[in-house]
Structures are given as C-alpha cells and as structure tokens.
$ cat query_37.txt   # compact mmCIF, C-alpha atoms
# COMPACT_ATOMS: atom_id res chain seq x y z
CA MET A 30 -86.01 -82.12 -179.48
CA ALA A 31 -84.68 -81.43 -183.00
CA ALA A 32 -82.52 -83.97 -184.83
CA ASP A 33 -79.33 -81.87 -184.50
CA LEU A 34 -79.65 -81.56 -180.75
CA LYS A 35 -80.67 -85.22 -180.41
CA SER A 36 -77.53 -86.15 -182.32
CA TYR A 37 -75.52 -83.81 -180.05
CA ILE A 38 -76.87 -85.62 -176.97
CA GLN A 39 -76.16 -89.03 -178.53
CA ARG A 40 -72.57 -88.02 -179.30
CA LEU A 41 -72.15 -86.66 -175.77
CA ARG A 42 -73.46 -89.94 -174.33
CA ALA A 43 -71.10 -91.96 -176.53
CA ARG A 44 -68.11 -89.98 -175.28
CA LEU A 45 -68.95 -90.17 -171.57
CA ASP A 46 -66.70 -93.00 -170.43
CA LEU A 47 -68.25 -93.05 -166.95
CA ASP A 48 -70.45 -95.26 -164.80
CA ALA A 49 -73.63 -95.90 -166.83
CA ALA A 50 -75.94 -94.43 -164.15
CA VAL A 51 -73.83 -91.26 -163.88
CA ALA A 52 -73.65 -90.85 -167.67
CA ASP A 53 -77.43 -91.31 -167.98
CA ASP A 54 -77.98 -88.68 -165.28
CA ILE A 55 -75.68 -86.21 -167.07
CA VAL A 56 -77.46 -86.75 -170.38
CA ARG A 57 -80.88 -86.32 -168.78
CA GLU A 58 -79.71 -83.12 -167.09
CA MET A 59 -78.32 -81.73 -170.35
CA GLU A 60 -81.60 -82.58 -172.10
CA THR A 61 -83.54 -80.56 -169.52
CA HIS A 62 -81.06 -77.72 -169.92
CA ILE A 63 -81.56 -77.74 -173.70
CA GLU A 64 -85.36 -77.64 -173.18
CA ASP A 65 -84.98 -74.57 -170.91
CA ARG A 66 -82.57 -72.80 -173.28
CA LEU A 67 -84.75 -73.44 -176.35
CA ALA A 68 -87.84 -72.16 -174.52
CA GLU A 69 -85.91 -69.02 -173.48
CA LEU A 70 -84.71 -68.32 -177.04
CA GLN A 71 -88.17 -68.86 -178.48
CA ARG A 72 -89.69 -66.59 -175.84
CA GLY A 73 -87.21 -63.95 -177.07
CA GLY A 74 -88.78 -64.18 -180.54
CA ILE A 75 -86.16 -66.41 -182.20
CA ASP A 76 -87.67 -69.07 -184.48
CA SER A 77 -87.13 -72.74 -183.71
CA ASP A 78 -84.43 -73.38 -186.37
CA HIS A 79 -82.36 -70.36 -185.37
CA ALA A 80 -82.78 -71.19 -181.68
CA GLN A 81 -81.45 -74.72 -182.25
CA ARG A 82 -78.51 -73.50 -184.30
CA SER A 83 -77.65 -70.86 -181.73
CA LEU A 84 -77.86 -73.39 -178.91
CA SER A 85 -75.68 -75.93 -180.77
CA GLU A 86 -73.01 -73.25 -181.18
CA ARG A 87 -73.27 -72.27 -177.53
CA LEU A 88 -72.90 -75.83 -176.27
CA GLY A 89 -69.67 -76.38 -178.23
CA ARG A 90 -68.29 -79.77 -179.23
CA PRO A 91 -69.69 -82.79 -177.37
CA THR A 92 -66.14 -84.14 -177.02
CA ALA A 93 -65.06 -81.02 -175.12
CA LEU A 94 -68.11 -81.13 -172.84
CA ALA A 95 -67.62 -84.87 -172.22
CA ARG A 96 -63.96 -84.21 -171.34
CA GLU A 97 -64.99 -81.61 -168.75
CA PHE A 98 -67.34 -84.14 -167.15
CA GLN A 99 -64.63 -86.82 -167.25
CA GLN A 100 -62.32 -84.47 -165.35
CA ALA A 101 -65.02 -83.75 -162.77
CA TYR A 102 -65.13 -87.49 -162.05
CA ALA A 103 -61.38 -88.06 -162.35
CA SER A 104 -60.69 -87.69 -158.64
CA ALA A 105 -61.35 -90.85 -156.71
CA THR A 106 -62.91 -91.27 -153.29
CA TRP A 107 -61.33 -93.05 -150.32
CA ASN A 108 -63.68 -95.96 -151.08
CA ASP A 109 -62.17 -96.22 -154.57
CA ALA A 110 -58.68 -96.16 -153.05
CA LEU A 111 -59.53 -98.87 -150.50
CA THR A 112 -61.17 -101.04 -153.19
CA ALA A 113 -58.03 -100.73 -155.35
CA ALA A 114 -55.79 -101.57 -152.37
CA ALA A 115 -58.00 -104.56 -151.44
CA ALA A 116 -56.96 -106.32 -154.66
CA PHE A 117 -53.32 -106.56 -153.55
CA LEU A 118 -54.22 -107.18 -149.91
CA PHE A 119 -56.02 -110.36 -151.03
CA VAL A 120 -52.80 -111.65 -152.61
CA ALA A 121 -50.73 -110.51 -149.61
CA ALA A 122 -53.04 -112.57 -147.37
CA LEU A 123 -52.55 -115.60 -149.64
CA TYR A 124 -48.76 -115.41 -149.11
CA ALA A 125 -48.90 -114.43 -145.42
CA THR A 126 -51.06 -117.50 -144.64
CA HIS A 127 -48.87 -119.76 -146.89
CA LEU A 128 -52.04 -120.79 -148.76
CA TRP A 129 -50.73 -120.03 -152.26
CA ASN A 130 -50.34 -123.72 -153.11
CA HIS A 131 -53.73 -124.63 -151.69
CA PRO A 132 -56.00 -125.19 -154.73
CA ALA A 133 -59.23 -124.10 -152.98
CA ALA A 134 -57.71 -120.86 -151.62
CA VAL A 135 -56.07 -119.97 -154.96
CA SER A 136 -59.28 -120.76 -156.88
CA GLY A 137 -61.28 -118.66 -154.43
CA VAL A 138 -58.99 -115.66 -154.88
CA ALA A 139 -58.98 -116.15 -158.68
CA VAL A 140 -62.79 -116.19 -158.74
CA VAL A 141 -62.98 -113.01 -156.61
CA VAL A 142 -60.37 -111.29 -158.84
CA VAL A 143 -62.14 -112.21 -162.09
CA ALA A 144 -65.58 -111.30 -160.66
CA ALA A 145 -64.31 -107.90 -159.42
CA THR A 146 -62.68 -107.24 -162.81
CA LEU A 147 -65.87 -108.10 -164.71
CA TYR A 148 -67.90 -105.95 -162.31
CA GLY A 149 -65.45 -103.09 -162.91
CA LEU A 150 -65.83 -103.50 -166.67
CA TRP A 151 -69.61 -103.44 -166.30
CA ARG A 152 -69.29 -100.23 -164.22
CA ARG A 153 -67.25 -98.73 -167.11
CA ARG A 154 -63.87 -98.94 -165.41
CA PRO A 155 -64.06 -96.95 -162.15
CA PRO A 156 -60.73 -95.75 -160.63
CA TRP A 157 -60.20 -98.97 -158.62
CA PHE A 158 -60.65 -101.19 -161.69
CA TYR A 159 -57.04 -101.32 -162.94
CA ALA A 160 -55.62 -102.81 -159.73
CA TRP A 161 -58.07 -105.74 -159.99
CA ALA A 162 -57.61 -106.00 -163.76
CA GLY A 163 -53.84 -106.21 -163.12
CA LEU A 164 -54.33 -109.28 -160.92
CA ALA A 165 -56.68 -110.82 -163.49
CA PHE A 166 -53.95 -110.10 -166.04
CA THR A 167 -51.48 -112.22 -164.01
CA LEU A 168 -53.71 -115.24 -164.71
CA LEU A 169 -52.22 -115.14 -168.22
CA SER A 170 -48.76 -115.67 -166.66
CA PHE A 171 -50.04 -118.54 -164.49
CA CYS A 172 -51.63 -120.22 -167.52
CA GLY A 173 -48.41 -119.58 -169.44
CA TYR A 174 -46.40 -121.27 -166.68
CA PHE A 175 -48.68 -124.32 -166.68
CA ALA A 176 -48.44 -124.45 -170.47
CA PHE A 177 -44.64 -124.32 -170.20
CA ALA A 178 -44.62 -127.09 -167.57
CA LEU A 179 -46.85 -129.20 -169.83
CA LEU A 180 -44.59 -128.58 -172.81
CA GLN A 181 -41.52 -129.49 -170.79
CA ARG A 182 -43.12 -132.75 -169.61
CA ALA A 183 -44.24 -133.68 -173.14
CA SER A 184 -40.97 -132.77 -174.85
CA GLN A 185 -38.91 -135.67 -173.43
CA PRO A 186 -41.09 -138.53 -174.81
CA ILE A 187 -41.34 -136.70 -178.14
CA ALA A 188 -37.55 -136.33 -178.22
CA ASP A 189 -37.35 -140.09 -177.60
CA GLY A 190 -39.58 -140.69 -180.61
CA GLN A 191 -42.76 -141.52 -178.66
CA PHE A 192 -45.59 -139.57 -180.27
CA GLU A 193 -48.40 -140.08 -177.78
CA PRO A 194 -51.65 -138.38 -178.88
CA LEU A 195 -52.19 -136.72 -175.47
CA ALA A 196 -48.65 -135.30 -175.39
CA MET A 197 -49.02 -134.04 -178.96
CA LEU A 198 -52.32 -132.40 -178.03
CA GLY A 199 -50.60 -130.71 -175.07
CA VAL A 200 -47.78 -129.41 -177.26
CA GLY A 201 -50.25 -128.13 -179.87
CA GLY A 202 -52.36 -126.41 -177.21
CA THR A 203 -49.30 -124.80 -175.62
CA LEU A 204 -47.93 -123.54 -178.91
CA LEU A 205 -51.36 -122.09 -179.69
CA TYR A 206 -51.59 -120.49 -176.24
CA VAL A 207 -48.45 -118.35 -176.55
CA PRO A 208 -49.55 -116.15 -179.52
CA LEU A 209 -53.11 -116.08 -178.17
CA ALA A 210 -51.89 -114.86 -174.77
CA LEU A 211 -49.72 -112.21 -176.44
CA ILE A 212 -52.69 -110.96 -178.48
CA ILE A 213 -54.90 -110.86 -175.35
CA ALA A 214 -52.16 -109.03 -173.41
CA ALA A 215 -51.64 -106.44 -176.18
CA SER A 216 -55.40 -105.88 -176.52
CA CYS A 217 -55.76 -105.41 -172.74
CA VAL A 218 -52.90 -102.89 -172.64
CA ARG A 219 -54.34 -101.02 -175.64
CA ALA A 220 -57.80 -100.93 -174.07
CA GLY A 221 -56.31 -99.88 -170.72
CA SER A 222 -54.29 -97.03 -172.19
CA ARG A 223 -57.24 -95.73 -174.23
CA ARG A 224 -58.24 -93.57 -171.27
CA ASP A 225 -54.78 -93.08 -169.74
CA TRP A 226 -51.56 -95.06 -170.27
CA LEU A 227 -50.81 -94.73 -166.53
CA ASP A 228 -53.85 -96.93 -165.83
CA ALA A 229 -52.46 -99.58 -168.19
CA SER A 230 -49.10 -99.39 -166.35
CA VAL A 231 -50.89 -100.05 -163.04
CA MET A 232 -52.51 -103.03 -164.72
CA LEU A 233 -49.09 -104.42 -165.67
CA SER A 234 -47.50 -103.79 -162.25
CA PRO A 235 -48.42 -107.09 -160.50
CA SER A 236 -47.28 -109.18 -163.49
CA ALA A 237 -43.59 -108.39 -162.94
CA PRO A 238 -43.27 -109.89 -159.40
CA VAL A 239 -45.57 -112.77 -160.38
CA ILE A 240 -43.39 -113.72 -163.39
CA VAL A 241 -40.22 -113.58 -161.24
CA TRP A 242 -41.94 -115.64 -158.54
CA LEU A 243 -43.06 -118.26 -161.09
CA ALA A 244 -39.50 -118.50 -162.44
CA ALA A 245 -38.16 -119.00 -158.89
CA LEU A 246 -40.90 -121.54 -158.19
CA HIS A 247 -39.93 -123.52 -161.27
CA GLU A 248 -36.29 -123.44 -160.25
CA HIS A 249 -37.23 -124.86 -156.83
CA GLY A 250 -39.16 -127.80 -158.29
CA GLY A 251 -42.63 -126.48 -159.12
CA ILE A 252 -45.81 -125.60 -157.30
CA PHE A 253 -45.98 -128.65 -155.02
CA ASP A 254 -42.39 -129.88 -154.79
CA GLY A 255 -40.99 -126.41 -154.25
CA ALA A 256 -43.60 -125.23 -151.75
CA ALA A 257 -41.51 -125.82 -148.63
CA GLU A 258 -38.45 -124.02 -149.99
CA MET A 259 -40.48 -121.17 -151.42
CA ALA A 260 -42.41 -120.67 -148.16
CA VAL A 261 -39.32 -118.99 -146.66
CA ALA A 262 -39.93 -116.01 -148.91
CA ASP A 263 -43.69 -115.83 -148.29
CA MET A 264 -43.54 -113.01 -145.72
CA ALA A 265 -41.31 -110.93 -147.99
CA LEU A 266 -43.77 -111.42 -150.86
CA ALA A 267 -46.71 -110.62 -148.58
CA SER A 268 -44.92 -107.37 -147.61
CA THR A 269 -44.30 -106.58 -151.29
CA PHE A 270 -48.00 -106.97 -152.10
CA MET A 271 -48.93 -104.89 -149.05
CA LEU A 272 -46.65 -102.15 -150.36
CA MET A 273 -48.32 -102.50 -153.77
CA ALA A 274 -51.71 -102.20 -152.06
CA ALA A 275 -50.65 -98.92 -150.42
CA ALA A 276 -49.25 -97.68 -153.75
CA ALA A 277 -52.45 -98.61 -155.61
CA GLY A 278 -54.59 -96.75 -153.05
CA LEU A 279 -52.34 -93.71 -153.22
CA PHE A 280 -52.23 -93.82 -157.04
CA VAL A 281 -56.03 -93.78 -157.20
CA ARG A 282 -56.32 -90.84 -154.80
CA LEU A 283 -53.61 -88.65 -156.34
CA ARG A 284 -54.72 -86.14 -158.96
CA SER A 285 -51.35 -85.02 -160.33
CA ARG A 286 -49.91 -87.24 -163.08
CA PRO A 287 -46.24 -86.73 -162.06
CA GLN A 288 -47.14 -87.85 -158.51
CA LYS A 289 -48.98 -90.89 -159.88
CA LEU A 290 -45.97 -91.78 -162.02
CA ALA A 291 -43.62 -91.30 -159.05
CA THR A 292 -45.81 -93.63 -156.93
CA LEU A 293 -45.75 -96.28 -159.66
CA ILE A 294 -41.98 -96.07 -160.13
CA GLY A 295 -41.32 -95.94 -156.38
CA ALA A 296 -43.39 -99.06 -155.72
CA ALA A 297 -41.75 -100.89 -158.65
CA THR A 298 -38.26 -100.00 -157.38
CA VAL A 299 -38.99 -101.31 -153.86
CA THR A 300 -40.59 -104.45 -155.35
CA LEU A 301 -37.51 -105.08 -157.51
CA ALA A 302 -35.19 -104.53 -154.53
CA THR A 303 -37.21 -106.91 -152.33
CA ILE A 304 -37.45 -109.64 -154.95
CA THR A 305 -33.73 -109.39 -155.74
CA ALA A 306 -32.85 -109.56 -152.03
CA VAL A 307 -35.06 -112.63 -151.56
CA TYR A 308 -34.29 -114.71 -154.65
CA ASP A 309 -30.94 -113.47 -155.88
CA PRO A 310 -29.03 -111.55 -153.19
CA GLY A 311 -25.65 -112.03 -154.91
CA VAL A 312 -26.75 -110.51 -158.22
CA SER A 313 -24.13 -108.61 -160.24
CA LEU A 314 -24.52 -104.91 -160.94
CA ASN A 315 -24.87 -105.57 -164.68
CA ALA A 316 -27.64 -108.12 -164.16
CA LEU A 317 -29.42 -105.76 -161.75
CA THR A 318 -29.19 -102.91 -164.27
CA ALA A 319 -30.58 -105.15 -167.00
CA ARG A 320 -33.47 -106.22 -164.76
CA THR A 321 -34.21 -102.59 -163.85
CA VAL A 322 -34.30 -101.57 -167.53
CA LEU A 323 -36.48 -104.58 -168.34
CA LEU A 324 -38.89 -103.84 -165.48
CA PHE A 325 -39.32 -100.15 -166.27
CA GLY A 326 -39.50 -100.89 -170.00
CA PHE A 327 -42.29 -103.37 -169.27
CA LEU A 328 -44.15 -101.02 -166.89
CA LEU A 329 -43.86 -97.99 -169.12
CA SER A 330 -44.58 -99.83 -172.39
CA PRO A 331 -48.17 -98.45 -172.45
CA ALA A 332 -46.66 -94.94 -172.74
CA LEU A 333 -44.72 -96.07 -175.82
CA LEU A 334 -47.81 -97.70 -177.31
CA ASP A 335 -49.75 -94.53 -176.60
CA ALA A 336 -47.14 -92.43 -178.41
CA LEU A 337 -47.22 -94.61 -181.54
CA PRO A 338 -49.03 -92.94 -184.43
CA LEU A 339 -50.50 -96.25 -185.59
CA ARG A 340 -53.11 -97.73 -183.30
CA PRO A 341 -53.97 -101.20 -184.58
CA PHE A 342 -56.16 -102.03 -181.58
CA GLY A 343 -57.39 -98.48 -180.87
CA PRO A 344 -60.79 -96.95 -181.55
CA THR A 345 -61.51 -95.07 -184.74
CA ALA A 346 -61.24 -91.31 -184.30
CA HIS A 347 -64.55 -89.45 -184.53
CA GLN A 348 -65.07 -85.99 -185.86
CA ASP A 349 -67.52 -83.67 -184.16
CA MET B 17 -61.39 -60.62 -171.50
CA ARG B 18 -59.02 -63.56 -171.04
CA GLU B 19 -58.05 -62.25 -167.58
CA LEU B 20 -61.71 -62.01 -166.62
CA ALA B 21 -62.36 -65.54 -167.89
CA GLN B 22 -59.44 -66.81 -165.78
CA LEU B 23 -60.75 -64.93 -162.74
CA LEU B 24 -64.20 -66.43 -163.27
CA LYS B 25 -62.74 -69.92 -163.71
CA GLY B 26 -60.82 -69.62 -160.47
CA ASN B 27 -63.91 -68.52 -158.55
CA THR B 28 -66.64 -70.64 -160.13
CA ASP B 29 -67.01 -72.89 -157.10
CA VAL B 30 -67.46 -70.08 -154.60
CA LEU B 31 -69.97 -68.32 -156.87
CA ILE B 32 -72.04 -71.50 -157.26
CA LEU B 33 -71.91 -72.28 -153.53
CA SER B 34 -72.99 -68.70 -152.73
CA LEU B 35 -76.00 -68.95 -155.01
CA LEU B 36 -77.06 -72.30 -153.59
CA GLU B 37 -76.81 -70.92 -150.06
CA SER B 38 -80.04 -68.96 -150.55
CA GLU B 39 -82.07 -71.80 -152.10
CA PRO B 40 -81.70 -75.08 -154.04
CA MET B 41 -81.43 -74.44 -157.80
CA TYR B 42 -81.04 -76.40 -161.03
CA GLY B 43 -78.28 -75.72 -163.56
CA TYR B 44 -80.15 -73.42 -165.93
CA GLN B 45 -81.46 -71.46 -162.94
CA VAL B 46 -77.91 -71.02 -161.59
CA ILE B 47 -76.75 -69.58 -164.94
CA LYS B 48 -79.68 -67.12 -165.11
CA GLU B 49 -79.42 -66.12 -161.45
CA LEU B 50 -75.69 -65.47 -161.79
CA GLU B 51 -76.24 -63.31 -164.87
CA GLN B 52 -79.02 -61.41 -163.17
CA ARG B 53 -77.27 -60.79 -159.86
CA SER B 54 -74.07 -59.63 -161.57
CA ASP B 55 -75.90 -57.42 -164.11
CA GLY B 56 -74.78 -59.73 -166.92
CA PHE B 57 -71.09 -59.66 -165.90
CA PHE B 58 -70.88 -63.36 -165.09
CA GLN B 59 -72.00 -65.61 -167.93
CA LEU B 60 -71.20 -69.21 -167.15
CA GLY B 61 -71.09 -71.62 -170.07
CA GLU B 62 -72.70 -75.05 -169.88
CA GLY B 63 -69.27 -76.66 -170.24
CA THR B 64 -68.13 -74.89 -167.07
CA LEU B 65 -71.24 -74.98 -164.90
CA TYR B 66 -72.45 -78.58 -165.17
CA PRO B 67 -69.06 -80.27 -164.72
CA ALA B 68 -68.46 -77.89 -161.77
CA LEU B 69 -71.78 -78.89 -160.18
CA HIS B 70 -70.88 -82.56 -160.58
CA ARG B 71 -67.40 -81.99 -159.17
CA LEU B 72 -68.89 -80.20 -156.15
CA GLU B 73 -71.38 -83.03 -155.69
CA ARG B 74 -68.59 -85.59 -155.82
CA ALA B 75 -66.75 -83.56 -153.17
CA LYS B 76 -69.98 -83.72 -151.09
CA LEU B 77 -70.25 -79.92 -151.01
CA VAL B 78 -73.62 -79.97 -152.81
CA ARG B 79 -76.32 -82.59 -153.19
CA GLY B 80 -78.21 -83.14 -156.45
CA ARG B 81 -81.79 -84.46 -156.50
CA TRP B 82 -84.37 -84.76 -159.27
CA ARG B 83 -87.55 -82.84 -158.48
CA LYS B 84 -90.77 -82.25 -160.38
CA LEU B 85 -91.67 -78.69 -161.36
CA ASP B 86 -95.30 -77.52 -161.26
CA GLY B 87 -95.64 -78.24 -164.98
CA GLY B 88 -94.60 -81.89 -164.42
CA GLN B 89 -91.11 -81.56 -165.95
CA GLU B 90 -88.22 -82.79 -163.86
CA ARG B 91 -85.11 -80.80 -163.04
CA ARG B 92 -81.97 -81.72 -161.09
CA TYR B 93 -81.88 -79.39 -158.10
CA TYR B 94 -78.66 -78.80 -156.20
CA SER B 95 -78.58 -77.82 -152.54
CA LEU B 96 -75.74 -77.00 -150.19
CA THR B 97 -74.59 -79.68 -147.72
CA GLN B 98 -73.23 -78.86 -144.25
CA GLU B 99 -69.75 -79.43 -145.64
CA GLY B 100 -70.56 -77.05 -148.49
CA GLU B 101 -71.72 -74.39 -146.03
CA ASN B 102 -68.46 -74.71 -144.10
CA ARG B 103 -66.41 -74.50 -147.30
CA LEU B 104 -68.37 -71.43 -148.43
CA GLN B 105 -67.74 -69.73 -145.08
CA GLU B 106 -64.00 -70.42 -145.37
CA GLN B 107 -63.84 -69.19 -148.96
CA THR B 108 -65.91 -66.08 -148.20
CA ASN B 109 -63.56 -65.15 -145.35
CA ALA B 110 -60.49 -65.81 -147.50
CA TRP B 111 -61.96 -63.72 -150.33
CA ALA B 112 -62.75 -60.81 -147.97
CA ARG B 113 -59.18 -60.81 -146.63
CA PHE B 114 -57.74 -61.07 -150.15
CA ALA B 115 -59.96 -58.27 -151.57
CA SER B 116 -59.17 -55.96 -148.69
CA ALA B 117 -55.42 -56.59 -149.06
CA VAL B 118 -55.57 -55.99 -152.83
CA ASN B 119 -57.53 -52.77 -152.26
CA LEU B 120 -54.89 -51.56 -149.81
CA ILE B 121 -52.35 -51.87 -152.63
CA ILE B 122 -54.24 -50.68 -155.67
CA LYS B 123 -56.36 -48.04 -153.91
CA PRO B 124 -54.15 -46.67 -151.14
CA ALA B 125 -55.95 -44.28 -148.79
$ encode --input "query_37.txt" --output "structure tokens"
Amino acid sequence: MAADLKSYIQRLRARLDLDAAVADDIVREMETHIEDRLAELQRGGIDSDHAQRSLSERLGRPTALAREFQQAYASATWNDALTAAAAFLFVAALYATHLWNHPAAVSGVAVVVVAATLYGLWRRRPPWFYAWAGLAFTLLSFCGYFAFALLQRASQPIADGQFEPLAMLGVGGTLLYVPLALIIAASCVRAGSRRDWLDASVMLSPSAPVIVWLAALHEHGGIFDGAAEMAVADMALASTFMLMAAAAGLFVRLRSRPQKLATLIGAATVTLATITAVYDPGVSLNALTARTVLLFGFLLSPALLDALPLRPFGPTAHQD
Amino acid sequence: MRELAQLLKGNTDVLILSLLESEPMYGYQVIKELEQRSDGFFQLGEGTLYPALHRLERAKLVRGRWRKLDGGQERRYYSLTQEGENRLQEQTNAWARFASAVNLIIKPA
C-alpha cells in the first residue's frame, strides 16, 4: 500500500476510540477494501499514482469515517446496560446488608470497582465504563474525608504547641492531598468529557450522595462511632443506589441525548429528595434551592468545561 | 440529488439486507453488486456502507466472518441472521405498502 493510503489508515486507526479488537477489525477491513478499489482502478487503465489519489479523495477525511464508525457503535447492548447498573447495585448491597463499615466488605467492593474501571480503560471505555469510573471517582472523596479526619485530629495538639513529627507529617500529607485530588478530579472530568460531556456527568453522579453521606457520617461521630445511628438510613441509601443503577442502565441504552440528560437529571432530583428527607427533613426552602443549584452545577460542570474555548487538559486538535 | 441521497440514506439498511439475502458478501462486493443491480443508480460510499454493516452486525441482523478467497487474501463476509431475515421481511412488506400508497396518489388510475 502506498504511503498516502498507509497514513490514511494510521490516522483512521488513531481516531477510532473503540474497543481495540473492533478497531483492528475495522482497519483490516478498510485495508482489504483499499486493495480491491486500487485493483479495480488499475484494471480500468488508471496508473498507480492517479488510482491512489482518486481513492484518497473518494474515502474522504479519516475523522469523518471514524465518526461514522463511532456512531455505529454508540448504541449499547443490554449487557452493557446491566454491567453499568451492576456498579451501583454493588453499593446498594453494601448499604442493604449494613456492611459499609466492615473493612473487608468495603475493601472487597473497592477492589472490584477499581479493577472494573481499569478493565474498562483497557477496553477503551465501553458504554458501561462511566458508571464504574464514577464509583472509583468517589474513592477521592473517601480519601479526602480520611485526610480531613486526620487533619482535625492533628490540629488540636498543634494548636496547643505540641509539634509531634507524626502529626506534622499527617498535616503535610493532607495539605498536599487536597490540590492533588483536585488536579486528578479535573483531569478525570476532562478525559471523560473528551468523548461526550454527558459521560463525564454520569461519572460525577455518585459523588454527590457520597459527599453528603460522608458529611452526615462525620456529624454522627465518624465511621465507627456513628455506625449505629447511620444504619437507620441504610435502606434509604440502598434504594437511592438501586434507583441510580436503573438510571445508569437506562442512560446506557438510550440513544437520544435529551432523553439521556432527562434520565440523569431525574435520577439526581430523586436522589436529592431522598437524601434531604433522610438527613435533613426540616430543611428551609432557601437551603434546598441552594443545594439543588449546587448539585446540578456540579453534575453539569462537564458541559461548561466542554464549552470553554481553552482546553488545558484536552488533546491537541489534529488536521486531516 | 440531495433528495436522492436522503432517500438512499433512509433505505441503506434494507438495500444491504436484500443483497445479503441471496448470498454472503464482503463490503466491496456489496458496493459493486448494488451499482450493478441498480444500473449505477445506487452508489454507496465507503463512509456509509461499512459503518452501516457494523451497525447491522451490532444489531445482530447480519454476521461478519473473515474468510479466505481462492487467491489467499482474506475478506470480511457478511451473512444474514434469522433476525435479519425477519427484519428484511417486515421492511419489504412495509416498503410494498408504502410504494403502492404513494403510487395511488402520484399516479392515479
């Protein structure tokens, strides 16, 4: 194959953001098509150079062809939907069985979540990926909470003038963690919205109830001391995550973007209502409005990032 | 021409399924066969045909398999699945009803 067409195939391959095996198959198929077309043109008496030029023009831009293939694979199967829903069902089970403060159970779920996320990354982000990545994303909040608890514990002796090396190390580590976590979070959202900002919003969706839950947990005395009091709300939280599981499955299956957005907003609204009813039933209208604005601002922030002309974490644009 | 392109776009799936009903074919063969059978009227571009074949495969209406040609080269052949046959039957019936209704309007007896 001539250099121009080889370069065309390479550019097509680079733009196919699909499962590696599928992308390889598409490239191989296009190579065989090019062979057939070139042979046909040469049989018609066209010399090799002209045949290649004519074929390059006929094939169009690799970006456009790659986009057509992306769309062909955009619709998800029921398996994809179930795999996406399974992510939230795992967490729902953790709350329904009251095992969320059991270190072995939590570690087991965390390992499964991280493994599924890494597998999804390796498979070039299939439709179910963002639900699992969203749960992996909540680990940042958990680490943030532990860092905060550490900081709080260390702050009293420091305030009393006792500069213990271990406490100082904890404070230093915590202060370092906050900007690092923010950079990781921003990079994840940027990477998630590279294909579609709606995917990045799905990724952010479990963080909101988890942050509220962590705040409530802290208020009730922490992960071990507050377990008994917090257990009262376990079934409500399990129901919330089951609803999120159904929404994630539906989101993956739907093809229309407005319907996907409506599913995301609908699930977030019910989650907010449930969490408010459980933890703060006497909330004022102003506070509820502020929370609603905050929640939707947080969930839809990938759309704002996507609309920004400057993309500090984004890929460099390529010209065909 | 734009109207014809839109018409072709809307009917690509049924045209591909109809061709594959007679025998399994690979992409290039589908393009040539379509041109030949329609006296050059239908000319599918690569950017339309191959994504459509993959979409149909994902919907389990066709099945793609690599096969060796006599010369040793490999080609990805597509064949109709049972589901694809059923879909083709439905679309053929719908098309026949639609065409006959349109004819009643634009070519009244």
$ interface_residues --input "query_37.txt" --of "chain A" --to "chain B" --cutoff "7 Å" --atoms "only C-alpha atoms" --output "ChimeraX atom specification"
/A:58,61-62,88,94,97-98,101-102
$ axis_aligned_box --input "query_37.txt" --around "range 218-230 of chain A" --padding-each-side "3 Å" --output "JSON"
{"center_x": -53.7, "center_y": -98.0, "center_z": -170.7, "size_x": 15.1, "size_y": 15.8, "size_z": 15.8}
$ atom_distance --input "query_37.txt" --atom1 "CA of Ala117 in chain B" --atom2 "CA of Arg103 in chain B"
21.1 Å
$ residues_around --input "query_37.txt" --residues "range 48-51 of chain B" --least-positions-apart "4" --cutoff "12 Å" --atoms "all atoms listed in the file" --output "ChimeraX atom specification"
/A:62,65-66,69 /B:24,28,30-36,38-44,55-62,65
$ closest_residue --input "query_37.txt" --among "B:Arg81, B:Arg53, B:Ile47, B:Ala115" --to "Leu96 in chain B" --atoms "only C-alpha atoms"
B:Arg81
$ atom_distance --input "query_37.txt" --atom1 "CA of Ser234 in chain A" --atom2 "CA of Gln100 in chain A"
24.5 Å
$ atom_distance --input "query_37.txt" --atom1 "CA of Pro156 in chain A" --atom2 "CA of Trp107 in chain A"
10.7 Å
$ closest_residue --input "query_37.txt" --among "A:Val200, A:Ala165, A:Leu70, A:Leu205" --to "Arg182 in chain A" --atoms "only C-alpha atoms"
A:Val200
$ residues_near_point --input "query_37.txt" --point "(-57.1, -107.4, -162.5)" --cutoff "9 Å" --atoms "only C-alpha atoms" --output "list of chain:residue names"
A:Ala116, A:Val142, A:Val143, A:Ala145, A:Thr146, A:Phe158, A:Tyr159, A:Ala160, A:Trp161, A:Ala162, A:Gly163, A:Leu164, A:Ala165, A:Phe166, A:Thr167, A:Leu168, A:Met232, A:Pro235
$ residues_around --input "query_37.txt" --residues "Val120 in chain A" --least-positions-apart "4" --cutoff "8 Å" --atoms "all atoms listed in the file" --output "CSV table (one decimal) with C-alpha atoms, in the frame of the given file"
chain,number,residue,atom,x,y,z
A,116,ALA,CA,-57.0,-106.3,-154.7
A,124,TYR,CA,-48.8,-115.4,-149.1
A,138,VAL,CA,-59.0,-115.7,-154.9
A,267,ALA,CA,-46.7,-110.6,-148.6
A,270,PHE,CA,-48.0,-107.0,-152.1
$ closest_residue --input "query_37.txt" --among "A:Arg90, A:Arg153, A:Arg219, A:Arg57" --to "Leu45 in chain A" --atoms "all atoms listed in the file"
A:Arg153
